[in-house]
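Report on one structure; see the data block that follows.
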Amino acid sequence: MCIATPMKIKVIKDGKAVVEHGGKDFNVSLQLIPRAKVGDWVLAHGELAINILPENEAFDILELISKTKATSGR
């Protein structure tokens with residue numbers, strides 16, 4: 001199953017961002033949210049950031065994902 005995941009922006013260059021999730025860096029396009037800035041939390045699906053999230057919402061979603069993984073045995 002593929003889901004959109006909260007990730008924090010570390011670097012922005014040329015409309016793309018380096019984001020971090022689970023200790024790994026990923027590259028995502030900011031084409032849909034060009035106002036995003038370094039330090040923002042974004043909801044990313046694949047290689048596309050689709051929304052800016054408040055930090056508390058990002059943590060809530062990450063906690064739900066973690067609980068779901070724990071109960072599914074992953």
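By convention here, the chains of the structure tokens are called A, B, ... in the order presented, each chain's residues are numbered starting at 1, and ligands are numbered starting at 1 in the order presented.
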List every residue of chain A that DSSP, applied to the backbone, labels as strand (DSSP E), and write the result as a compact mmCIF listing (two decimals) with N, CA and C atoms, in the first residue's frame.
```
# COMPACT_ATOMS: atom_id res chain seq x y z
N THR A 5 3.20 10.54 3.05
CA THR A 5 3.92 10.52 4.32
C THR A 5 4.45 11.91 4.67
N PRO A 6 4.32 12.32 5.94
CA PRO A 6 4.91 13.60 6.34
C PRO A 6 6.44 13.52 6.31
N MET A 7 7.05 14.55 5.74
CA MET A 7 8.51 14.63 5.67
C MET A 7 8.91 16.07 5.89
N LYS A 8 10.07 16.28 6.52
CA LYS A 8 10.54 17.63 6.81
C LYS A 8 11.54 18.09 5.76
N ILE A 9 11.34 19.31 5.27
CA ILE A 9 12.23 19.87 4.24
C ILE A 9 13.56 20.28 4.86
N LYS A 10 14.65 19.78 4.26
CA LYS A 10 16.00 20.11 4.71
C LYS A 10 16.67 21.14 3.80
N VAL A 11 16.44 21.00 2.50
CA VAL A 11 17.10 21.86 1.49
C VAL A 11 16.12 22.06 0.34
N ILE A 12 16.14 23.27 -0.23
CA ILE A 12 15.34 23.55 -1.43
C ILE A 12 16.27 24.13 -2.49
N LYS A 13 16.12 23.59 -3.71
CA LYS A 13 16.89 24.12 -4.84
C LYS A 13 16.14 23.83 -6.13
N LYS A 16 12.80 21.89 -6.15
CA LYS A 16 12.83 20.55 -5.56
C LYS A 16 13.35 20.64 -4.14
N ALA A 17 12.94 19.68 -3.33
CA ALA A 17 13.36 19.68 -1.93
C ALA A 17 14.00 18.36 -1.56
N VAL A 18 14.98 18.44 -0.68
CA VAL A 18 15.50 17.25 -0.02
C VAL A 18 14.73 17.18 1.29
N VAL A 19 14.06 16.04 1.49
CA VAL A 19 13.26 15.83 2.70
C VAL A 19 13.78 14.61 3.44
N GLU A 20 13.45 14.53 4.72
CA GLU A 20 13.93 13.41 5.54
C GLU A 20 12.76 12.64 6.11
N HIS A 21 12.90 11.32 6.07
CA HIS A 21 11.91 10.44 6.70
C HIS A 21 12.64 9.17 7.15
N LYS A 24 16.38 8.79 6.44
CA LYS A 24 16.84 8.75 5.05
C LYS A 24 16.39 10.02 4.34
N ASP A 25 17.19 10.45 3.37
CA ASP A 25 16.84 11.62 2.55
C ASP A 25 16.19 11.18 1.25
N PHE A 26 15.22 11.98 0.82
CA PHE A 26 14.51 11.75 -0.42
C PHE A 26 14.39 13.08 -1.15
N ASN A 27 14.22 13.04 -2.47
CA ASN A 27 13.99 14.22 -3.28
C ASN A 27 12.54 14.27 -3.69
N VAL A 28 11.90 15.44 -3.51
CA VAL A 28 10.51 15.61 -3.93
C VAL A 28 10.37 16.93 -4.68
N SER A 29 9.42 16.96 -5.59
CA SER A 29 9.10 18.18 -6.32
C SER A 29 8.19 19.06 -5.46
N TRP A 41 7.06 21.00 7.23
CA TRP A 41 6.65 19.62 7.07
C TRP A 41 5.72 19.55 5.89
N VAL A 42 5.97 18.61 4.99
CA VAL A 42 5.11 18.43 3.82
C VAL A 42 4.59 17.00 3.78
N LEU A 43 3.43 16.85 3.18
CA LEU A 43 2.88 15.53 2.93
C LEU A 43 3.34 15.15 1.53
N ALA A 44 4.12 14.07 1.44
CA ALA A 44 4.71 13.67 0.16
C ALA A 44 4.21 12.30 -0.26
N HIS A 45 3.96 12.17 -1.54
CA HIS A 45 3.54 10.90 -2.13
C HIS A 45 4.43 10.66 -3.33
N LEU A 48 6.51 13.66 -5.08
CA LEU A 48 5.76 14.90 -5.16
C LEU A 48 5.25 15.32 -3.79
N ALA A 49 5.60 16.53 -3.36
CA ALA A 49 5.04 17.09 -2.13
C ALA A 49 3.67 17.65 -2.49
N ILE A 50 2.64 17.28 -1.71
CA ILE A 50 1.28 17.66 -2.09
C ILE A 50 0.62 18.65 -1.14
N ASN A 51 1.20 18.87 0.05
CA ASN A 51 0.59 19.79 1.00
C ASN A 51 1.59 20.14 2.09
N ILE A 52 1.46 21.34 2.64
CA ILE A 52 2.25 21.73 3.81
C ILE A 52 1.42 21.40 5.05
N LEU A 53 2.07 20.80 6.06
CA LEU A 53 1.38 20.40 7.28
C LEU A 53 1.92 21.16 8.49
```
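Take CA of Leu30 in chain A and CA of Ser66 in chain A: the distance between them is 25.6 Å.
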